[in-house]
Amino acid sequence: MLCQIADITKGVLSLFASGRLSTDDYGKQIVPIMEQYRLTHGKVCLYIEADVLLEGWQSDSLSGVGEVQLPPCDALVLVGGPDWFGNAVRLMGPFMQAEVAWYSLDDKQLAIDWISAK
């Protein structure tokens, strides 16, 4: 499940992730929201908070059939999630086109400060 939550600060698109994310979550929620946000704000700084129940993407979303590719964003911060989440962000971050950071849920305010400065 992926859903939009109240923006954590002005100009930062804020989402919450839990469970297993699907291609529908991506195509029907993330993409249109990000495109509209870019039109409205001129850039997309994205805050995604995850709970420990986050499992990742459905396998068909990563298989080449209906695969996901995040639209361009200017900065992305991921907060919380299970133990593997932070390691995955650190591993993939250098390959992303945007500035990317991960913070534990205990450091949520640091994450908000980081993305707010972008």
# chains A, B, ... in the order shown; residues from 1 in each chain; ligands from 1
call {"tool": "residues_around", "arguments": {"residues": "Val100 in chain A", "least_positions_apart": "5", "cutoff": "12 Å", "atoms": "only C-alpha atoms", "output": "VMD selection string"}}
result
chain A and resid 45 to 48 73 to 79 86 88 to 95 111 114 to 115 118
call {"tool": "residues_around", "arguments": {"residues": "range 27-40 of chain A", "least_positions_apart": "3", "cutoff": "8 Å", "atoms": "only C-alpha atoms", "output": "VMD selection string"}}
result
chain A and resid 2 to 3 13 23 to 24 43 to 44 68 70 to 71
call {"tool": "select_by_dssp", "arguments": {"residues": "chain A", "states": "alpha helix (DSSP H)", "output": "PyMOL selection string"}}
result
chain A and resi 23-24+31-41+83-92+108-116
call {"tool": "atom_distance", "arguments": {"atom1": "CA of Ile5 in chain A", "atom2": "CA of Glu49 in chain A"}}
result
9.6 Å
call {"tool": "residues_around", "arguments": {"residues": "Val52 in chain A", "least_positions_apart": "3", "cutoff": "9 Å", "atoms": "only C-alpha atoms", "output": "list in words"}}
result
Ser18, Gly19, Glu55, Gly80, Gly81, Pro82 and Asp83 of chain A
call {"tool": "select_by_dssp", "arguments": {"residues": "range 3-118 of chain A", "states": "strand (DSSP E)", "output": "VMD selection string"}}
result
chain A and resid 3 to 4 12 to 17 20 to 21 45 to 50 56 to 57 75 to 80 99 to 103
